[in-house]
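Below is the file run15.txt, which contains compact mmCIF, C-alpha atoms.
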# COMPACT_ATOMS: atom_id res chain seq x y z
CA GLY A 18 -60.68 88.10 -113.53
CA ALA A 19 -63.52 89.95 -115.18
CA GLY A 20 -63.67 92.72 -112.59
CA GLY A 21 -65.68 95.78 -113.30
CA GLY A 22 -68.28 97.68 -111.38
CA SER A 23 -70.30 100.83 -111.23
CA ILE A 24 -69.83 104.24 -109.64
CA ILE A 25 -72.83 106.53 -109.23
CA ASN A 26 -72.31 110.20 -108.40
CA ILE A 27 -75.05 112.56 -107.22
CA SER A 28 -75.34 115.70 -109.31
CA SER A 29 -78.23 118.14 -109.73
CA VAL A 30 -80.19 119.87 -112.45
CA ALA A 31 -78.57 122.99 -110.96
CA SER A 32 -75.41 122.05 -112.88
CA ILE A 33 -77.17 122.91 -116.16
CA ASN A 34 -79.91 125.23 -114.93
CA PRO A 35 -78.54 127.25 -111.98
CA GLN A 36 -80.86 129.45 -109.96
CA PRO A 37 -80.08 132.86 -108.46
CA ASN A 38 -78.10 132.75 -105.22
CA SER A 39 -76.80 129.24 -105.90
CA LEU A 40 -73.44 129.99 -107.51
CA VAL A 41 -71.29 127.72 -105.34
CA TYR A 42 -73.80 124.86 -105.33
CA ALA A 43 -74.25 124.98 -109.11
CA ALA A 44 -70.50 125.17 -109.67
CA THR A 45 -69.79 122.16 -107.46
CA LYS A 46 -72.48 120.12 -109.20
CA GLY A 47 -70.96 121.14 -112.55
CA ALA A 48 -67.67 119.80 -111.22
CA VAL A 49 -69.38 116.52 -110.33
CA ASP A 50 -70.62 116.25 -113.93
CA SER A 51 -67.13 116.89 -115.29
CA ILE A 52 -65.48 114.42 -112.91
CA THR A 53 -68.11 111.82 -113.81
CA LEU A 54 -67.40 112.20 -117.53
CA SER A 55 -63.63 112.05 -117.03
CA MET A 56 -63.87 109.00 -114.77
CA SER A 57 -66.14 107.19 -117.23
CA ARG A 58 -63.61 107.70 -120.01
CA GLU A 59 -60.68 106.61 -117.85
CA LEU A 60 -62.33 103.62 -116.20
CA GLY A 61 -64.41 102.28 -119.09
CA ALA A 62 -61.52 100.13 -120.31
CA ARG A 63 -61.58 98.39 -116.91
CA ASN A 64 -65.29 97.61 -117.29
CA ILE A 65 -66.21 100.21 -114.66
CA ARG A 66 -69.26 102.32 -115.48
CA VAL A 67 -69.47 105.83 -114.06
CA ASN A 68 -72.74 107.78 -114.13
CA ALA A 69 -74.37 110.69 -112.35
CA ILE A 70 -77.91 110.99 -111.09
CA ALA A 71 -79.28 114.54 -111.35
CA PRO A 72 -82.52 114.79 -109.39
CA GLY A 73 -84.77 117.80 -109.77
CA GLY A 74 -85.61 120.13 -106.95
CA VAL A 75 -86.44 118.76 -103.54
CA ASP A 76 -88.40 120.96 -101.14
CA THR A 77 -85.79 121.55 -98.43
CA GLU A 78 -84.78 124.23 -95.95
CA GLY A 79 -81.83 124.99 -98.24
CA LEU A 80 -84.16 126.07 -101.05
CA LYS A 81 -86.12 128.23 -98.65
CA ARG A 82 -82.89 129.91 -97.48
CA ILE A 83 -82.03 130.96 -101.03
CA GLY A 84 -85.54 132.21 -101.64
CA ILE A 85 -87.05 129.44 -103.77
CA VAL A 86 -90.41 128.63 -102.21
CA GLY A 87 -93.97 127.88 -103.21
CA SER A 88 -94.75 128.48 -106.86
CA GLU A 89 -91.07 129.13 -107.69
CA PHE A 90 -90.23 125.63 -106.47
CA GLU A 91 -93.04 124.09 -108.50
CA LYS A 92 -91.67 125.61 -111.72
Represent the structure of the file as structure tokens.
Amino acid sequence: GAGGGSIINISSVASINPQPNSLVYAATKGAVDSITLSMSRELGARNIRVNAIAPGGVDTEGLKRIGIVGSEFEK
């Protein structure tokens, strides 16, 4: 059969623009980007698309814990 499909991973702009105190988070999102690229190359021949969505900052408690609040968040 034709088969195929789509895989969507969730990344972050932190993978290319990490902020202070976010080393582990930025590194794991960088890994998501790398895995996404590798999977897309491996699975493309099977008509399976692999992409990542990298949303910008979202005002969460996590950002407040690492010190990004108010005007820093808006940047």
Using atom CA of Val67 of chain A and atom CA of Val30 of chain A as the two end points, give the distance in Å to one decimal. 17.7 Å
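The neighbours of segment 54-59 of chain A here are the residues that come within 12 Å of it, using all atoms listed in the file and leaving out any residue fewer than 2 positions away in the same chain; they are Gly22, Ser23, Ile24, Ile25, Asn26, Ser28, Gly47, Ala48, Val49, Asp50, Ser51, Ile52, Gly61, Ala62, Arg63, Asn64, Ile65, Arg66, Val67, Asn68 and Ala69 of chain A.
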Per-residue nearest contacts segment 21-45 of chain A to segment 75-79 of chain A, cut-off 12 Å, using only C-alpha atoms, as a tab-separated table:
residue	atom	partner	partner_atom	distance
A:Ser29	CA	A:Val75	CA	10.3
A:Val30	CA	A:Val75	CA	10.9
A:Ala31	CA	A:Val75	CA	11.6
A:Asn38	CA	A:Gly79	CA	11.1
A:Ser39	CA	A:Gly79	CA	10.1
A:Tyr42	CA	A:Gly79	CA	10.7
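For the atom pair formed by atom CA of Val41 of chain A and atom CA of Gly84 of chain A, the distance is 15.4 Å, given to one decimal.
Interatomic distance, atom CA of Leu80 of chain A to atom CA of Asn34 of chain A: 14.5 Å.
Of the listed residues (A:Ala44, A:Thr53, A:Gln36, A:Gly20), A:Gln36 comes nearest to Gly74 of chain A; the distances count all atoms listed in the file.
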Would you fill the gaps in segment 28-61 of chain A so it has N, CA and C atoms, then print it as a PDB file, keeping the file's coordinate frame?
ATOM      1  N   SER A  28     -75.449 114.361-108.755  1.00  0.00           N
ATOM      2  CA  SER A  28     -75.340 115.700-109.310  1.00  0.00           C
ATOM      3  C   SER A  28     -76.647 116.442-109.028  1.00  0.00           C
ATOM      4  N   SER A  29     -76.995 117.368-109.896  1.00  0.00           N
ATOM      5  CA  SER A  29     -78.230 118.140-109.730  1.00  0.00           C
ATOM      6  C   SER A  29     -78.548 118.820-111.046  1.00  0.00           C
ATOM      7  N   VAL A  30     -79.827 119.085-111.273  1.00  0.00           N
ATOM      8  CA  VAL A  30     -80.190 119.870-112.450  1.00  0.00           C
ATOM      9  C   VAL A  30     -79.605 121.280-112.342  1.00  0.00           C
ATOM     10  N   ALA A  31     -79.197 121.676-111.140  1.00  0.00           N
ATOM     11  CA  ALA A  31     -78.570 122.990-110.960  1.00  0.00           C
ATOM     12  C   ALA A  31     -77.270 123.114-111.742  1.00  0.00           C
ATOM     13  N   SER A  32     -76.659 121.983-112.112  1.00  0.00           N
ATOM     14  CA  SER A  32     -75.410 122.050-112.880  1.00  0.00           C
ATOM     15  C   SER A  32     -75.645 122.569-114.293  1.00  0.00           C
ATOM     16  N   ILE A  33     -76.863 122.415-114.816  1.00  0.00           N
ATOM     17  CA  ILE A  33     -77.170 122.910-116.160  1.00  0.00           C
ATOM     18  C   ILE A  33     -78.215 124.010-116.166  1.00  0.00           C
ATOM     19  N   ASN A  34     -78.881 124.197-115.037  1.00  0.00           N
ATOM     20  CA  ASN A  34     -79.910 125.230-114.930  1.00  0.00           C
ATOM     21  C   ASN A  34     -79.811 125.902-113.551  1.00  0.00           C
ATOM     22  N   PRO A  35     -78.732 126.650-113.308  1.00  0.00           N
ATOM     23  CA  PRO A  35     -78.540 127.250-111.980  1.00  0.00           C
ATOM     24  C   PRO A  35     -79.568 128.332-111.687  1.00  0.00           C
ATOM     25  N   GLN A  36     -79.911 128.444-110.425  1.00  0.00           N
ATOM     26  CA  GLN A  36     -80.860 129.450-109.960  1.00  0.00           C
ATOM     27  C   GLN A  36     -80.100 130.588-109.281  1.00  0.00           C
ATOM     28  N   PRO A  37     -80.720 131.756-109.169  1.00  0.00           N
ATOM     29  CA  PRO A  37     -80.080 132.860-108.460  1.00  0.00           C
ATOM     30  C   PRO A  37     -79.685 132.441-107.045  1.00  0.00           C
ATOM     31  N   ASN A  38     -78.609 132.995-106.572  1.00  0.00           N
ATOM     32  CA  ASN A  38     -78.100 132.750-105.220  1.00  0.00           C
ATOM     33  C   ASN A  38     -77.621 131.318-104.996  1.00  0.00           C
ATOM     34  N   SER A  39     -77.285 130.613-106.065  1.00  0.00           N
ATOM     35  CA  SER A  39     -76.800 129.240-105.900  1.00  0.00           C
ATOM     36  C   SER A  39     -75.488 129.007-106.635  1.00  0.00           C
ATOM     37  N   LEU A  40     -74.678 130.044-106.736  1.00  0.00           N
ATOM     38  CA  LEU A  40     -73.440 129.990-107.510  1.00  0.00           C
ATOM     39  C   LEU A  40     -72.537 128.833-107.087  1.00  0.00           C
ATOM     40  N   VAL A  41     -72.218 128.747-105.811  1.00  0.00           N
ATOM     41  CA  VAL A  41     -71.290 127.720-105.340  1.00  0.00           C
ATOM     42  C   VAL A  41     -71.883 126.324-105.528  1.00  0.00           C
ATOM     43  N   TYR A  42     -73.142 126.159-105.179  1.00  0.00           N
ATOM     44  CA  TYR A  42     -73.800 124.860-105.330  1.00  0.00           C
ATOM     45  C   TYR A  42     -73.799 124.421-106.797  1.00  0.00           C
ATOM     46  N   ALA A  43     -74.205 125.318-107.689  1.00  0.00           N
ATOM     47  CA  ALA A  43     -74.250 124.980-109.110  1.00  0.00           C
ATOM     48  C   ALA A  43     -72.862 124.653-109.648  1.00  0.00           C
ATOM     49  N   ALA A  44     -71.865 125.415-109.216  1.00  0.00           N
ATOM     50  CA  ALA A  44     -70.500 125.170-109.670  1.00  0.00           C
ATOM     51  C   ALA A  44     -69.984 123.813-109.200  1.00  0.00           C
ATOM     52  N   THR A  45     -70.270 123.458-107.951  1.00  0.00           N
ATOM     53  CA  THR A  45     -69.790 122.160-107.460  1.00  0.00           C
ATOM     54  C   THR A  45     -70.506 121.009-108.154  1.00  0.00           C
ATOM     55  N   LYS A  46     -71.775 121.182-108.479  1.00  0.00           N
ATOM     56  CA  LYS A  46     -72.480 120.120-109.200  1.00  0.00           C
ATOM     57  C   LYS A  46     -71.988 120.036-110.640  1.00  0.00           C
ATOM     58  N   GLY A  47     -71.591 121.167-111.230  1.00  0.00           N
ATOM     59  CA  GLY A  47     -70.960 121.140-112.550  1.00  0.00           C
ATOM     60  C   GLY A  47     -69.650 120.373-112.504  1.00  0.00           C
ATOM     61  N   ALA A  48     -68.915 120.548-111.403  1.00  0.00           N
ATOM     62  CA  ALA A  48     -67.670 119.800-111.220  1.00  0.00           C
ATOM     63  C   ALA A  48     -67.945 118.305-111.116  1.00  0.00           C
ATOM     64  N   VAL A  49     -69.005 117.934-110.424  1.00  0.00           N
ATOM     65  CA  VAL A  49     -69.380 116.520-110.330  1.00  0.00           C
ATOM     66  C   VAL A  49     -69.646 115.956-111.719  1.00  0.00           C
ATOM     67  N   ASP A  50     -70.340 116.703-112.557  1.00  0.00           N
ATOM     68  CA  ASP A  50     -70.620 116.250-113.930  1.00  0.00           C
ATOM     69  C   ASP A  50     -69.323 116.038-114.708  1.00  0.00           C
ATOM     70  N   SER A  51     -68.396 116.979-114.575  1.00  0.00           N
ATOM     71  CA  SER A  51     -67.130 116.890-115.290  1.00  0.00           C
ATOM     72  C   SER A  51     -66.283 115.714-114.797  1.00  0.00           C
ATOM     73  N   ILE A  52     -66.225 115.544-113.490  1.00  0.00           N
ATOM     74  CA  ILE A  52     -65.480 114.420-112.910  1.00  0.00           C
ATOM     75  C   ILE A  52     -66.099 113.097-113.363  1.00  0.00           C
ATOM     76  N   THR A  53     -67.414 113.040-113.391  1.00  0.00           N
ATOM     77  CA  THR A  53     -68.110 111.820-113.810  1.00  0.00           C
ATOM     78  C   THR A  53     -67.738 111.462-115.246  1.00  0.00           C
ATOM     79  N   LEU A  54     -67.751 112.445-116.129  1.00  0.00           N
ATOM     80  CA  LEU A  54     -67.400 112.200-117.530  1.00  0.00           C
ATOM     81  C   LEU A  54     -65.950 111.742-117.660  1.00  0.00           C
ATOM     82  N   SER A  55     -65.048 112.422-116.972  1.00  0.00           N
ATOM     83  CA  SER A  55     -63.630 112.050-117.030  1.00  0.00           C
ATOM     84  C   SER A  55     -63.404 110.640-116.490  1.00  0.00           C
ATOM     85  N   MET A  56     -64.031 110.336-115.357  1.00  0.00           N
ATOM     86  CA  MET A  56     -63.870 109.000-114.770  1.00  0.00           C
ATOM     87  C   MET A  56     -64.426 107.925-115.696  1.00  0.00           C
ATOM     88  N   SER A  57     -65.554 108.203-116.347  1.00  0.00           N
ATOM     89  CA  SER A  57     -66.140 107.190-117.230  1.00  0.00           C
ATOM     90  C   SER A  57     -65.211 106.887-118.397  1.00  0.00           C
ATOM     91  N   ARG A  58     -64.548 107.902-118.895  1.00  0.00           N
ATOM     92  CA  ARG A  58     -63.610 107.700-120.010  1.00  0.00           C
ATOM     93  C   ARG A  58     -62.357 106.957-119.551  1.00  0.00           C
ATOM     94  N   GLU A  59     -61.888 107.262-118.352  1.00  0.00           N
ATOM     95  CA  GLU A  59     -60.680 106.610-117.850  1.00  0.00           C
ATOM     96  C   GLU A  59     -60.938 105.175-117.397  1.00  0.00           C
ATOM     97  N   LEU A  60     -62.083 104.918-116.800  1.00  0.00           N
ATOM     98  CA  LEU A  60     -62.330 103.620-116.200  1.00  0.00           C
ATOM     99  C   LEU A  60     -63.111 102.655-117.082  1.00  0.00           C
ATOM    100  N   GLY A  61     -63.635 103.142-118.197  1.00  0.00           N
ATOM    101  CA  GLY A  61     -64.410 102.280-119.090  1.00  0.00           C
ATOM    102  C   GLY A  61     -63.636 101.069-119.569  1.00  0.00           C
TER     103      GLY A  61
END
